[in-house]
>>> print(open('query_26.tsv').read())   # TSV, C-alpha atoms
chain	number	residue	atom	x	y	z
D	19	MET	CA	-11.73	-18.11	8.71
D	20	ILE	CA	-14.03	-15.34	7.54
D	21	ILE	CA	-14.10	-15.08	3.74
D	22	VAL	CA	-15.61	-12.42	1.47
D	23	GLU	CA	-18.46	-13.75	-0.68
D	24	SER	CA	-19.97	-10.44	-1.83
D	25	TYR	CA	-18.39	-8.40	-4.64
D	26	PRO	CA	-19.67	-5.05	-3.26
D	27	VAL	CA	-18.13	-5.92	0.12
D	28	ALA	CA	-14.86	-6.77	-1.64
D	29	VAL	CA	-14.91	-3.39	-3.44
D	30	LEU	CA	-15.62	-1.62	-0.13
D	31	MET	CA	-12.62	-3.34	1.43
D	32	CYS	CA	-10.48	-2.24	-1.53
D	33	ILE	CA	-11.63	1.35	-1.00
D	34	ILE	CA	-10.67	1.06	2.69
D	35	THR	CA	-7.28	-0.20	1.48
D	36	MET	CA	-6.95	2.91	-0.67
D	37	LEU	CA	-7.79	5.15	2.29
D	38	CYS	CA	-5.33	3.39	4.60
D	39	TRP	CA	-2.46	3.28	2.10
D	40	GLY	CA	-3.03	6.94	1.30
D	41	SER	CA	-3.22	8.03	4.93
D	42	TRP	CA	-0.70	6.07	7.00
D	43	ALA	CA	2.17	8.44	6.14
D	44	ASN	CA	0.39	11.21	8.04
D	45	THR	CA	1.43	9.49	11.27
D	46	GLN	CA	5.06	10.19	10.36
D	47	LYS	CA	4.17	13.87	10.01
D	48	LEU	CA	2.79	13.77	13.57
D	49	ALA	CA	6.20	12.79	14.92
D	50	SER	CA	8.71	15.50	15.79
D	51	LYS	CA	11.03	16.79	13.09
D	52	GLU	CA	13.98	15.46	15.08
D	53	TRP	CA	12.59	11.91	14.86
D	54	ARG	CA	14.22	10.57	11.69
D	55	PHE	CA	12.24	8.30	9.37
D	56	GLN	CA	14.60	5.39	10.04
D	57	LEU	CA	13.64	5.53	13.72
D	58	PHE	CA	9.96	5.85	12.86
D	59	TYR	CA	10.22	2.80	10.59
D	60	TRP	CA	11.22	0.45	13.44
D	61	ASP	CA	7.89	1.10	15.16
D	62	TYR	CA	6.07	1.06	11.82
D	63	ALA	CA	7.33	-2.48	11.13
D	64	ILE	CA	6.22	-3.59	14.59
D	65	GLY	CA	2.76	-2.13	13.94
D	66	VAL	CA	2.46	-3.99	10.63
D	67	PHE	CA	3.33	-7.27	12.34
D	68	LEU	CA	1.00	-6.75	15.31
D	69	LEU	CA	-1.99	-5.95	13.09
D	70	ALA	CA	-1.34	-9.07	11.02
D	71	LEU	CA	-1.39	-11.22	14.15
D	72	LEU	CA	-4.53	-9.49	15.43
D	73	LEU	CA	-6.48	-10.26	12.25
D	74	ALA	CA	-5.07	-13.78	12.03
D	75	PHE	CA	-6.28	-14.69	15.53
D	76	THR	CA	-9.68	-13.02	15.07
D	77	MET	CA	-11.07	-13.00	11.51
D	78	GLY	CA	-8.56	-15.63	10.42
D	79	SER	CA	-9.54	-18.04	13.18
D	80	SER	CA	-13.34	-17.70	13.13
D	81	GLY	CA	-16.06	-18.43	10.60
D	82	SER	CA	-16.78	-21.62	8.67
D	83	GLY	CA	-14.74	-21.05	5.50
D	84	GLY	CA	-11.28	-22.33	4.63
D	85	ARG	CA	-8.81	-23.19	7.41
D	86	GLY	CA	-8.13	-21.41	10.67
D	87	PHE	CA	-4.88	-19.50	11.08
D	88	LEU	CA	-3.09	-21.96	13.38
D	89	ALA	CA	-4.07	-24.91	11.22
D	90	ASP	CA	-2.97	-23.06	8.10
D	91	LEU	CA	0.53	-22.47	9.52
D	92	ALA	CA	1.15	-26.12	9.03
D	93	VAL	CA	0.74	-25.51	5.26
D	94	ALA	CA	2.85	-22.95	5.25
D	95	PHE	CA	3.91	8.57	-3.73
D	96	PRO	CA	3.62	9.68	-7.70
D	97	VAL	CA	6.48	8.09	-9.73
D	98	GLY	CA	7.00	5.05	-7.56
D	99	GLY	CA	3.30	4.60	-6.81
D	100	GLY	CA	2.31	4.91	-10.46
D	101	LEU	CA	4.89	2.42	-11.67
D	102	ALA	CA	3.91	0.01	-8.88
D	103	LEU	CA	0.24	0.24	-9.87
D	104	TRP	CA	0.98	-0.41	-13.54
D	105	LEU	CA	3.27	-3.36	-12.88
D	106	GLY	CA	1.14	-4.71	-10.04
D	107	VAL	CA	-2.08	-4.87	-12.04
D	108	ILE	CA	-0.36	-6.45	-15.05
D	109	THR	CA	1.66	-9.03	-13.13
D	110	THR	CA	-1.19	-10.07	-10.85
D	111	TYR	CA	-3.61	-10.29	-13.77
D	112	LEU	CA	-1.22	-12.49	-15.75
D	113	SER	CA	-0.85	-14.83	-12.78
D	114	ASN	CA	-4.55	-14.78	-11.85
D	115	LYS	CA	-6.70	-13.81	-14.85
D	116	VAL	CA	-9.78	-12.45	-13.11
D	117	GLY	CA	-11.59	-9.46	-14.62
D	118	ASN	CA	-11.97	-7.81	-17.99
D	119	ALA	CA	-8.46	-7.19	-19.38
D	120	PRO	CA	-9.32	-4.22	-21.69
D	121	MET	CA	-11.22	-2.46	-18.90
D	122	LEU	CA	-8.43	-3.11	-16.42
D	123	GLY	CA	-6.04	-1.58	-18.95
D	124	ALA	CA	-8.29	1.44	-19.50
D	125	GLY	CA	-8.66	1.98	-15.75
D	126	VAL	CA	-4.92	1.79	-15.18
D	127	ALA	CA	-4.33	4.17	-18.11
D	128	ALA	CA	-6.69	6.77	-16.62
D	129	ILE	CA	-4.97	6.50	-13.25
D	130	MET	CA	-1.56	6.84	-14.87
D	131	VAL	CA	-2.73	10.11	-16.47
D	132	ALA	CA	-3.82	11.26	-13.01
D	133	ILE	CA	-0.40	10.41	-11.56
D	134	ILE	CA	1.36	12.36	-14.33
D	135	LEU	CA	-0.86	15.36	-13.62
D	136	ASP	CA	-0.07	15.00	-9.92
D	137	ALA	CA	3.66	15.01	-10.68
D	138	LEU	CA	3.29	18.10	-12.88
D	139	ALA	CA	1.39	19.89	-10.11
D	140	TYR	CA	4.14	19.16	-7.58
D	141	LYS	CA	6.77	20.26	-10.07
D	142	ARG	CA	5.15	23.70	-10.23
D	143	LEU	CA	5.79	24.12	-6.51
D	144	SER	CA	9.54	24.20	-7.06
D	145	SER	CA	11.33	27.33	-8.18
D	146	GLY	CA	11.89	27.76	-11.89
D	147	GLY	CA	15.62	27.09	-11.72
D	148	THR	CA	15.43	24.04	-9.47
D	149	LYS	CA	16.34	20.75	-11.11
D	150	THR	CA	14.72	17.48	-10.15
D	151	PRO	CA	17.38	15.39	-8.37
D	152	VAL	CA	18.44	12.39	-10.47
D	153	LYS	CA	18.91	10.33	-7.31
D	154	GLY	CA	15.29	10.92	-6.31
D	155	ILE	CA	13.98	9.78	-9.69
D	156	VAL	CA	16.16	6.65	-9.66
D	157	ILE	CA	15.04	5.73	-6.14
D	158	SER	CA	11.37	6.31	-7.04
D	159	VAL	CA	11.65	4.06	-10.10
D	160	ALA	CA	13.40	1.34	-8.09
D	161	ALA	CA	10.73	1.54	-5.40
D	162	GLY	CA	7.98	1.36	-8.01
D	163	LEU	CA	9.53	-1.76	-9.57
D	164	LEU	CA	9.74	-3.52	-6.21
D	165	MET	CA	6.22	-2.48	-5.20
D	166	GLY	CA	4.85	-3.55	-8.57
D	167	PHE	CA	6.04	-7.14	-8.20
D	168	PHE	CA	5.56	-7.98	-4.51
D	169	TYR	CA	1.75	-8.29	-4.60
D	170	LYS	CA	1.86	-10.92	-7.34
D	171	TYR	CA	3.87	-13.31	-5.17
D	172	VAL	CA	1.70	-12.80	-2.10
D	173	ALA	CA	-1.37	-13.57	-4.25
D	174	GLN	CA	0.28	-16.65	-5.76
D	175	ALA	CA	0.98	-18.05	-2.29
D	176	MET	CA	-2.75	-18.00	-1.49
D	177	GLY	CA	-5.10	-20.79	-2.46
D	178	THR	CA	-8.45	-20.42	-4.17
D	179	ILE	CA	-11.60	-20.96	-2.12
D	180	ASP	CA	-14.33	-23.26	-3.41
D	181	PRO	CA	-17.45	-21.02	-3.56
D	182	ALA	CA	-19.82	-23.86	-2.71
D	183	MET	CA	-17.86	-25.87	-0.16
D	184	LYS	CA	-15.86	-22.91	1.20
D	185	ILE	CA	-12.77	-25.12	1.25
D	186	LEU	CA	-9.32	-23.66	0.82
D	187	GLU	CA	-7.10	-25.15	-1.89
D	188	ALA	CA	-4.72	-27.72	-0.44
D	189	GLY	CA	-1.07	-26.77	-0.20
D	190	LYS	CA	-1.71	-23.01	-0.31
D	191	LEU	CA	-2.06	-20.30	2.34
D	192	SER	CA	-5.15	-18.55	3.57
D	193	PRO	CA	-5.23	-14.75	3.12
D	194	TYR	CA	-4.65	-14.25	6.84
D	195	THR	CA	-1.61	-16.53	6.97
D	196	ALA	CA	-0.20	-14.91	3.84
D	197	VAL	CA	-0.41	-11.48	5.50
D	198	VAL	CA	1.24	-12.78	8.69
D	199	LEU	CA	4.14	-14.28	6.75
D	200	PHE	CA	4.49	-11.14	4.63
D	201	SER	CA	4.48	-8.98	7.77
D	202	THR	CA	7.03	-11.24	9.43
D	203	GLY	CA	9.29	-10.85	6.41
D	204	LEU	CA	8.86	-7.07	6.55
D	205	LEU	CA	9.80	-6.99	10.24
D	206	VAL	CA	12.79	-9.34	9.96
D	207	SER	CA	14.19	-7.72	6.80
D	208	ASN	CA	13.93	-4.38	8.58
D	209	PHE	CA	16.94	-5.38	10.70
D	210	LEU	CA	19.03	-5.51	7.53
D	211	TRP	CA	17.69	-2.76	5.25
D	212	ASN	CA	16.79	-0.17	7.87
D	213	SER	CA	20.11	-0.73	9.61
D	214	ILE	CA	21.87	-0.02	6.32
D	215	MET	CA	19.80	3.15	5.89
D	216	MET	CA	20.77	4.28	9.39
D	217	VAL	CA	24.50	3.76	8.78
D	218	LYS	CA	24.46	5.08	5.21
D	219	PRO	CA	21.30	7.18	4.71
D	220	LEU	CA	20.36	8.45	1.27
D	221	THR	CA	20.19	11.98	2.67
D	222	GLY	CA	21.39	13.59	5.86
D	223	ASP	CA	23.76	12.38	8.57
D	224	GLN	CA	24.01	8.90	10.04
D	225	VAL	CA	21.31	7.92	12.51
D	226	PRO	CA	22.75	6.42	15.74
D	227	PHE	CA	20.94	3.26	16.86
D	228	GLY	CA	20.86	4.57	20.39
D	229	ASP	CA	18.60	7.45	19.33
D	230	TYR	CA	15.68	5.02	19.20
D	231	PHE	CA	15.87	4.72	22.99
D	232	THR	CA	17.36	8.04	24.07
D	233	LYS	CA	15.31	10.35	21.84
D	234	GLY	CA	12.17	8.27	21.60
D	235	ASN	CA	9.21	8.45	23.95
D	236	ALA	CA	5.87	6.68	24.31
D	237	ARG	CA	4.08	9.08	21.96
D	238	LEU	CA	6.64	8.74	19.16
D	239	HIS	CA	6.67	4.95	19.40
D	240	PHE	CA	2.86	4.83	19.47
D	241	VAL	CA	2.63	7.03	16.36
D	242	GLY	CA	4.98	4.71	14.46
D	243	ILE	CA	3.11	1.57	15.50
D	244	LEU	CA	-0.18	3.24	14.58
D	245	GLY	CA	1.17	4.07	11.13
D	246	GLY	CA	2.14	0.44	10.56
D	247	MET	CA	-1.23	-0.82	11.74
D	248	ILE	CA	-3.09	1.60	9.46
D	249	TRP	CA	-1.02	0.49	6.47
D	250	ASN	CA	-1.60	-3.17	7.27
D	251	VAL	CA	-5.34	-2.74	7.63
D	252	GLY	CA	-5.16	-1.69	3.99
D	253	MET	CA	-2.86	-4.57	3.03
D	254	SER	CA	-4.96	-7.15	4.86
D	255	PHE	CA	-8.26	-5.94	3.44
D	256	SER	CA	-6.74	-5.89	-0.04
D	257	ILE	CA	-5.55	-9.50	0.27
D	258	ILE	CA	-8.81	-10.70	1.82
D	259	ALA	CA	-10.90	-8.91	-0.82
D	260	SER	CA	-8.76	-10.34	-3.65
D	261	THR	CA	-10.32	-13.78	-3.13
D	262	LYS	CA	-13.57	-12.33	-4.49
D	263	ALA	CA	-12.56	-9.28	-6.51
D	264	GLY	CA	-9.42	-10.73	-8.09
D	265	ALA	CA	-5.84	-9.79	-7.25
D	266	ALA	CA	-5.36	-7.33	-10.12
D	267	LEU	CA	-8.48	-5.31	-9.29
D	268	SER	CA	-7.82	-5.43	-5.55
D	269	TYR	CA	-4.28	-4.13	-5.96
D	270	GLY	CA	-5.26	-1.57	-8.59
D	271	LEU	CA	-7.98	-0.05	-6.41
D	272	GLY	CA	-5.66	0.03	-3.43
D	273	GLN	CA	-3.11	2.03	-5.37
D	274	GLY	CA	-5.66	4.82	-5.60
D	275	ALA	CA	-3.86	5.67	-2.36
D	276	THR	CA	-1.84	8.18	-4.37
D	277	MET	CA	-5.00	10.23	-4.78
D	278	ILE	CA	-5.76	10.02	-1.06
D	279	GLY	CA	-2.22	11.15	-0.28
D	280	ALA	CA	-2.68	14.09	-2.63
D	281	LEU	CA	-5.97	14.98	-0.91
D	282	TRP	CA	-4.20	15.10	2.43
D	283	GLY	CA	-1.47	17.27	0.92
D	284	VAL	CA	-3.91	19.69	-0.73
D	285	PHE	CA	-6.58	20.13	1.95
D	286	ILE	CA	-4.91	19.26	5.28
D	287	TRP	CA	-1.21	20.03	4.95
D	288	LYS	CA	-1.77	22.90	2.46
D	289	GLU	CA	1.22	21.85	0.36
D	290	PHE	CA	-0.04	23.80	-2.65
D	291	LYS	CA	-0.69	27.05	-0.83
D	292	GLY	CA	0.82	29.83	-2.89
D	293	ALA	CA	1.41	27.60	-5.92
D	294	PRO	CA	1.52	29.29	-9.37
D	295	SER	CA	-1.76	29.93	-11.16
D	296	GLY	CA	-3.01	26.95	-13.11
D	297	THR	CA	-1.88	24.42	-10.51
D	298	ASN	CA	-5.41	23.99	-9.17
D	299	LYS	CA	-6.59	23.01	-12.65
D	300	LEU	CA	-3.95	20.28	-12.80
D	301	LEU	CA	-5.04	19.01	-9.40
D	302	ALA	CA	-8.72	19.03	-10.39
D	303	ALA	CA	-7.93	17.12	-13.60
D	304	MET	CA	-5.88	14.63	-11.57
D	305	PHE	CA	-8.80	13.85	-9.26
D	306	VAL	CA	-11.18	13.50	-12.22
D	307	PHE	CA	-8.92	11.00	-14.00
D	308	TYR	CA	-8.39	9.07	-10.78
D	309	LEU	CA	-12.12	8.75	-10.21
D	310	ILE	CA	-12.68	7.69	-13.80
D	311	GLY	CA	-9.92	5.11	-13.55
D	312	LEU	CA	-11.21	3.69	-10.28
D	313	ALA	CA	-14.75	3.48	-11.68
D	314	ILE	CA	-13.52	1.54	-14.71
D	315	LEU	CA	-11.54	-0.83	-12.49
D	316	ILE	CA	-14.62	-1.55	-10.38
D	317	ALA	CA	-16.75	-2.12	-13.50
D	318	SER	CA	-14.14	-4.49	-14.99
D	319	LYS	CA	-15.25	-7.29	-12.66
D	320	SER	CA	-19.02	-6.83	-12.97
>>> encode(input="query_26.tsv", output="C-alpha cells")
Amino acid sequence: MIIVESYPVAVLMCIITMLCWGSWANTQKLASKEWRFQLFYWDYAIGVFLLALLLAFTMGSSGSGGRGFLADLAVAFPVGGGLALWLGVITTYLSNKVGNAPMLGAGVAAIMVAIILDALAYKRLSSGGTKTPVKGIVISVAAGLLMGFFYKYVAQAMGTIDPAMKILEAGKLSPYTAVVLFSTGLLVSNFLWNSIMMVKPLTGDQVPFGDYFTKGNARLHFVGILGGMIWNVGMSFSIIASTKAGAALSYGLGQGATMIGALWGVFIWKEFKGAPSGTNKLLAAMFVFYLIGLAILIASKS
C-alpha cells in the first residue's frame, strides 16, 4: 500500500480533508427542494462506500509499504462540529499520544472561539423574537458527541507502520482497510437509521420509501453519490495522513471543515446577505481565530 512518509504531505492531505468535509454538503443543495435529505442520504452512503473501495484497490493495493488491501482483509456544522472537534482531538490524543499536548489544546481553543463566533453570527440572522429550538440544540450536541468519539476507534483499529521497514503492525488494519470497513458500517447501518428517519422524521412529514425510485432521476442519484465520494476523500486522506501526522492532529485539522462550510455560506450561497450591522465583524473574527487555531495545530507536530 502507499503510505505517507512526509509530514508536509500529511498536512496537505489534512487540508484536503478540511476542504472536502466543508464542501460535500453543497451537493445536497444542488438537488431539488422536493428531494428530501433522507432520500439524498441513500445515494450519499453508496458514494462513501464506492470511494472507499476505489482507494483500497488502487492506493491500498500498490506501493511497497505495509500490506495490500486484499491481504489485509484477512486481519480484519457549528455546535455539533465544534463539540466533535474538541472531543475528537482529546480522545484520539489520549489513545495515540502524538504531538505537543499544550499546543494541540491551544489550537483547539482558538478554533472553539471561532465556532462560537460563527454561531453568534448565524444567530443574528434570525429575527429578534425567534427562539432557538431546544430540539435543534439537543440534536446538535448528540451529533457532536457521536462525531467526537468515532475517529478514536477507527484510529485504534489501525496498526503502526515501522518507518524503516515499512511493515504494518501485526493484527491491526491498514488505513485503507479501516476506511473500507468504516464505510461498510455506514452503508449497512443506513438501512436501520435512515429508515427510522424516513418513518419518523425529526421535522416534516414521513418520507415514503417509494419516492427514491418514483421521484428520483439520474441527476439526483449522481449528486448524492458525488457528495458521499467527496466526504470520503476527506475521511480517507485524514486516516492515511494520521499515520504520519498523528490521529489527533489529522482529525483536528479536518474539522476546520466548519470554516469551509461558513465560507461557502458567506460567499457562494449569500446566507448573510442583509444581516444586521456588525455581523461581518463576527465573521471576520471567526476566520482569524480559525486560521490561528489551524496554524497552531500544524506547528504542534513540528
>>> residues_around(input="query_26.tsv", residues="D:Gly177", least_positions_apart="5", cutoff="8 Å", atoms="all atoms listed in the file", output="PyMOL selection string")
chain D and resi 186-192
>>> closest_residue(input="query_26.tsv", among="D:Met31, D:Gly106, D:Arg54, D:Thr276", to="D:Asp223", atoms="only C-alpha atoms")
D:Arg54
>>> residues_near_point(input="query_26.tsv", point="(12.8, -7.2, 7.8)", cutoff="12 Å", atoms="only C-alpha atoms", output="PDB file with C-alpha atoms, keeping the file's coordinate frame")
ATOM      1  CA  TYR D  59      10.220   2.800  10.590  1.00  0.00           C
ATOM      2  CA  TRP D  60      11.220   0.450  13.440  1.00  0.00           C
ATOM      3  CA  TYR D  62       6.070   1.060  11.820  1.00  0.00           C
ATOM      4  CA  ALA D  63       7.330  -2.480  11.130  1.00  0.00           C
ATOM      5  CA  ILE D  64       6.220  -3.590  14.590  1.00  0.00           C
ATOM      6  CA  VAL D  66       2.460  -3.990  10.630  1.00  0.00           C
ATOM      7  CA  PHE D  67       3.330  -7.270  12.340  1.00  0.00           C
ATOM      8  CA  LEU D 199       4.140 -14.280   6.750  1.00  0.00           C
ATOM      9  CA  PHE D 200       4.490 -11.140   4.630  1.00  0.00           C
ATOM     10  CA  SER D 201       4.480  -8.980   7.770  1.00  0.00           C
ATOM     11  CA  THR D 202       7.030 -11.240   9.430  1.00  0.00           C
ATOM     12  CA  GLY D 203       9.290 -10.850   6.410  1.00  0.00           C
ATOM     13  CA  LEU D 204       8.860  -7.070   6.550  1.00  0.00           C
ATOM     14  CA  LEU D 205       9.800  -6.990  10.240  1.00  0.00           C
ATOM     15  CA  VAL D 206      12.790  -9.340   9.960  1.00  0.00           C
ATOM     16  CA  SER D 207      14.190  -7.720   6.800  1.00  0.00           C
ATOM     17  CA  ASN D 208      13.930  -4.380   8.580  1.00  0.00           C
ATOM     18  CA  PHE D 209      16.940  -5.380  10.700  1.00  0.00           C
ATOM     19  CA  LEU D 210      19.030  -5.510   7.530  1.00  0.00           C
ATOM     20  CA  TRP D 211      17.690  -2.760   5.250  1.00  0.00           C
ATOM     21  CA  ASN D 212      16.790  -0.170   7.870  1.00  0.00           C
ATOM     22  CA  SER D 213      20.110  -0.730   9.610  1.00  0.00           C
ATOM     23  CA  ILE D 214      21.870  -0.020   6.320  1.00  0.00           C
TER      24      ILE D 214
END
>>> closest_residue(input="query_26.tsv", among="D:Met277, D:Trp104, D:Leu69, D:Tyr308", to="D:Gly162", atoms="all atoms listed in the file")
D:Trp104
>>> atom_distance(input="query_26.tsv", atom1="atom CA of D:Leu301", atom2="atom CA of D:Ile278")
12.3 Å
>>> closest_residue(input="query_26.tsv", among="D:Met176, D:Leu57, D:Ile134, D:Ile257", to="D:Met216", atoms="only C-alpha atoms")
D:Leu57
>>> atom_distance(input="query_26.tsv", atom1="atom CA of D:Ser82", atom2="atom CA of D:Ala259")
16.9 Å
>>> atom_distance(input="query_26.tsv", atom1="atom CA of D:Ile34", atom2="atom CA of D:Thr110")
19.9 Å
>>> closest_residue(input="query_26.tsv", among="D:Leu71, D:Ala128, D:Met36, D:Ala43", to="D:Ile314", atoms="only C-alpha atoms")
D:Ala128
>>> closest_residue(input="query_26.tsv", among="D:Thr297, D:Gln174, D:Asn250, D:Ser256", to="D:Ala70", atoms="all atoms listed in the file")
D:Asn250
>>> closest_residue(input="query_26.tsv", among="D:Gly234, D:Thr221, D:Cys38, D:Gly125", to="D:Lys153", atoms="only C-alpha atoms")
D:Thr221
>>> residues_around(input="query_26.tsv", residues="D:Asp61", least_positions_apart="3", cutoff="7 Å", atoms="all atoms listed in the file", output="list of chain:residue names")
D:Phe58, D:Ile64, D:Gly65, D:His239, D:Gly242, D:Ile243
>>> residues_near_point(input="query_26.tsv", point="(-4.7, 3.2, 9.9)", cutoff="6 Å", atoms="only C-alpha atoms", output="tab-separated table (two decimals) with C-alpha atoms, in the frame of the given file")
chain	number	residue	atom	x	y	z
D	38	CYS	CA	-5.33	3.39	4.60
D	42	TRP	CA	-0.70	6.07	7.00
D	247	MET	CA	-1.23	-0.82	11.74
D	248	ILE	CA	-3.09	1.60	9.46
D	249	TRP	CA	-1.02	0.49	6.47
>>> residues_around(input="query_26.tsv", residues="D:Lys233", least_positions_apart="5", cutoff="9 Å", atoms="all atoms listed in the file", output="compact mmCIF listing (two decimals) with C-alpha atoms, in the frame of the given file")
# COMPACT_ATOMS: atom_id res chain seq x y z
CA GLU D 52 13.98 15.46 15.08
CA TRP D 53 12.59 11.91 14.86
CA GLY D 228 20.86 4.57 20.39
>>> residues_around(input="query_26.tsv", residues="D:Pro26", least_positions_apart="3", cutoff="12 Å", atoms="all atoms listed in the file", output="MDAnalysis selection string")
chainID D and resid 22:23 29:33 259 262:263 316:317 319:320
